[in-house]
Amino acid sequence: MQFNGDNAYSYIQDQLDIGFRIPGTQERVDCANYFISKFQEIDNNFIYHLHNFTTHLVDCQNVLFKLNEDKPNIIILGTHYDSRAKATKDPDITNRDSPVPGANDGASGSAVLLEIAKVLYNRRENLSCQIWFLFFDAEDQGKDNDYGLDGWDWCIGSREFASEIDNYYNSTKESFECMILLDMVGGDNLQFINEQYSTSSLLNELFAVGRQLGYNNQFSSNPETASIIDDHRAFLNIGISSADLIINFWDNPGWSYHHTIQDNINHISNISLDVTGKTVEQFIYNNYIKNPENSYQGNFPWIKDKNILSIDMLITIILIIIFICIIIELFIIIRDETVDNIELKK
Ligand SMILES: [Zn+2]
């Protein structure tokens, strides 16, 4: 089983069907419950924690799922799952009080995490690390252009979580390897940027893995550069190497729907989801798979070339060889009989 972008696409649709996942709404609660149900589809006993906090009198909730809790070294895969209450950048000013569907901004990263969780769960016994799948609330309600939610800042959920992270692991036995944040990873024309707060060695490695997989457009060798206030910063601030996989969302003709009502399923690409998921999946295999010489090598294209023949193909080839032998044998018999006939006539 490998990461499947079509599956991730359907998880975005599921989240959009729930409604607008705005902090403090029933839809936000329903979305958290949807994640729990999806992880329980993988394993009914999947370990999870609900991190409740209150901001601006609104009850919010981060959701954390843990894979391989017995391993001491932890990789955090993070995303926000709230969708923005107001489409503050919509070109039509009358839409700016309407909520953003958040297909890319929120639902895409969450969908990729759900699919990665399923894939890595199947290989959990070969992984030498613990993985956290961490979904943040209250990321996307800050102020751009004129307004967001009154007085709200960006990235509240991740900061609340990082401030209480000690409650979720044992610092004498466990430590953090890195944190990878996915934000707006499912839109058309995906091109990741060189995000400047990110730990450069970690982000460079993710770019290198993506390019090794052939995703040269998405992980450009000459990417745009910018510093983005995002959920990874809270983890950098507590000393965890962190990288933000994010696009140019402010001036991008290839995906111009940021904080508009057009951030919907029509501008989502299953290929973008596939590229993101397979790259993160491969990053994990490169660094944390046991016995690499005889284990799954993941998504590298050259592996396909080395595949042994499938049974179907083998049977077909054998049948073709038998058929050719019969034809040759018949040819020889006919020729010999012809020769005999000629000799008889003499
Ligand atoms: Zn946003």
# chains A, B, ... in the order shown; residues from 1 in each chain; ligands from 1
$ residues_around --residues "Glu125 in chain A" --least-positions-apart "6" --cutoff "10 Å" --atoms "only C-alpha atoms" --output "ChimeraX atom specification"
/A:68,289-290
$ residues_around --residues "range 45-55 of chain A" --least-positions-apart "3" --cutoff "10 Å" --atoms "only C-alpha atoms" --output "short mmCIF file (atom, residue, chain, number, x, y, z; two decimals) with C-alpha atoms, in the first residue's frame"
data_model
loop_
_atom_site.label_atom_id
_atom_site.label_comp_id
_atom_site.auth_asym_id
_atom_site.auth_seq_id
_atom_site.Cartn_x
_atom_site.Cartn_y
_atom_site.Cartn_z
CA PRO A 23 -13.68 27.44 15.84
CA GLY A 24 -16.58 27.23 18.25
CA ALA A 32 -12.57 16.32 14.96
CA ILE A 36 -11.26 10.02 15.16
CA LYS A 38 -11.06 7.61 10.28
CA PHE A 39 -8.22 6.63 12.62
CA GLN A 40 -10.46 4.05 14.27
CA GLU A 41 -11.14 2.61 10.82
CA ILE A 42 -7.38 2.01 10.64
CA VAL A 58 -14.41 29.98 22.46
CA ASP A 59 -13.80 26.29 23.21
CA CYS A 60 -11.19 24.91 20.81
CA GLN A 61 -9.52 21.54 20.39
CA ASN A 62 -6.32 20.18 18.93
CA VAL A 63 -6.40 16.47 18.10
CA LEU A 64 -3.32 14.25 18.42
CA PHE A 65 -2.96 10.65 17.21
CA LYS A 66 0.10 8.57 18.10
CA LEU A 67 1.61 5.70 16.10
CA ASN A 68 4.32 3.47 17.62
CA GLU A 69 4.10 5.01 21.06
CA TYR A 121 0.24 2.07 10.04
CA TRP A 132 2.37 12.04 15.84
CA PHE A 133 -0.46 13.13 13.57
CA LEU A 134 -1.41 16.50 14.99
CA PHE A 135 -4.42 18.55 13.86
CA PHE A 136 -4.56 22.17 15.04
CA ASP A 137 -7.64 24.24 15.70
CA ALA A 138 -7.68 28.07 15.59
CA TRP A 152 -7.84 36.80 17.01
CA ILE A 156 -3.34 29.96 18.33
CA GLY A 157 -3.88 26.18 18.46
CA GLU A 160 -1.39 26.40 22.94
CA PHE A 161 -0.27 22.86 22.16
CA GLU A 164 1.59 22.19 27.04
CA ILE A 165 3.53 19.61 25.04
CA ASN A 167 1.69 16.75 29.10
CA TYR A 168 1.85 14.55 25.99
#
$ select_by_dssp --residues "range 119-338 of chain A" --states "strand (DSSP E)" --output "VMD selection string"
chain A and resid 130 to 136 175 to 183 194 to 195 225 to 226 242 to 246
$ write_last_selection --atoms "C-alpha atoms" --output "short mmCIF file (atom, residue, chain, number, x, y, z; two decimals), in the first residue's frame"
data_model
loop_
_atom_site.label_atom_id
_atom_site.label_comp_id
_atom_site.auth_asym_id
_atom_site.auth_seq_id
_atom_site.Cartn_x
_atom_site.Cartn_y
_atom_site.Cartn_z
CA GLN A 130 7.07 7.20 16.77
CA ILE A 131 4.82 9.42 14.66
CA TRP A 132 2.37 12.04 15.84
CA PHE A 133 -0.46 13.13 13.57
CA LEU A 134 -1.41 16.50 14.99
CA PHE A 135 -4.42 18.55 13.86
CA PHE A 136 -4.56 22.17 15.04
CA SER A 175 12.53 13.24 22.36
CA PHE A 176 11.54 14.95 19.15
CA GLU A 177 13.23 14.34 15.83
CA CYS A 178 11.44 16.98 13.79
CA MET A 179 8.13 18.55 12.90
CA ILE A 180 6.77 18.72 9.33
CA LEU A 181 3.86 21.06 8.71
CA LEU A 182 1.53 20.75 5.72
CA ASP A 183 -0.41 23.86 4.76
CA ASN A 194 11.61 27.90 0.46
CA GLU A 195 10.02 29.00 3.75
CA THR A 225 11.53 32.47 -0.84
CA ALA A 226 9.36 33.91 1.95
CA SER A 242 10.57 22.13 11.84
CA ALA A 243 9.70 22.68 8.20
CA ASP A 244 6.65 24.20 6.55
CA LEU A 245 5.53 22.72 3.23
CA ILE A 246 3.51 25.65 1.92
#
$ residues_near_ligand --ligand "ligand 1" --cutoff "12 Å" --atoms "only C-alpha atoms and all ligand atoms" --output "MDAnalysis selection string"
chainID A and resid 22 79:89 99:109 137:144 148 153:155 183:184 228:231 246:250 257:261 263
$ closest_residue --among "A:Phe235, A:Phe219, A:Trp255, A:Phe323" --to "Leu77 in chain A" --atoms "only C-alpha atoms"
A:Phe235
$ closest_residue --among "A:Asn73, A:Asn286, A:Asn170, A:Asn299" --to "Asp274 in chain A" --atoms "only C-alpha atoms"
A:Asn299
$ atom_distance --atom1 "CA of Asn287 in chain A" --atom2 "CA of Ser128 in chain A"
8.7 Å
$ closest_residue --among "A:Ser256, A:Gln191, A:Asn266, A:Val280" --to "Leu206 in chain A" --atoms "only C-alpha atoms"
A:Val280
$ residues_around --residues "Tyr34 in chain A" --least-positions-apart "3" --cutoff "9 Å" --atoms "only C-alpha atoms" --output "list in words"
Asp14, Gln15, Ile18, Val29, Asp30, Cys31, Ser37, Lys38 and Phe39 of chain A
$ write_last_selection --atoms "N, CA and C atoms" --output "JSON list (two decimals), in the first residue's frame"
[["chain", "number", "residue", "atom", "x", "y", "z"],
["A", 14, "ASP", "N", -15.03, 14.91, 2.14],
["A", 14, "ASP", "CA", -15.71, 14.58, 3.40],
["A", 14, "ASP", "C", -15.74, 15.78, 4.33],
["A", 15, "GLN", "N", -14.59, 16.47, 4.43],
["A", 15, "GLN", "CA", -14.53, 17.62, 5.34],
["A", 15, "GLN", "C", -15.43, 18.76, 4.85],
["A", 18, "ILE", "N", -18.93, 18.17, 5.77],
["A", 18, "ILE", "CA", -19.26, 18.46, 7.17],
["A", 18, "ILE", "C", -19.73, 19.91, 7.32],
["A", 29, "VAL", "N", -16.44, 20.57, 15.73],
["A", 29, "VAL", "CA", -16.50, 19.37, 16.57],
["A", 29, "VAL", "C", -16.70, 18.13, 15.70],
["A", 30, "ASP", "N", -17.61, 18.25, 14.74],
["A", 30, "ASP", "CA", -17.90, 17.11, 13.86],
["A", 30, "ASP", "C", -16.65, 16.70, 13.07],
["A", 31, "CYS", "N", -15.84, 17.69, 12.69],
["A", 31, "CYS", "CA", -14.64, 17.38, 11.93],
["A", 31, "CYS", "C", -13.63, 16.62, 12.79],
["A", 37, "SER", "N", -12.96, 8.96, 13.80],
["A", 37, "SER", "CA", -13.58, 7.79, 13.15],
["A", 37, "SER", "C", -12.66, 7.23, 12.05],
["A", 38, "LYS", "N", -11.97, 8.10, 11.33],
["A", 38, "LYS", "CA", -11.06, 7.61, 10.28],
["A", 38, "LYS", "C", -9.87, 6.85, 10.88],
["A", 39, "PHE", "N", -9.34, 7.36, 11.98],
["A", 39, "PHE", "CA", -8.22, 6.63, 12.62],
["A", 39, "PHE", "C", -8.72, 5.32, 13.21]]
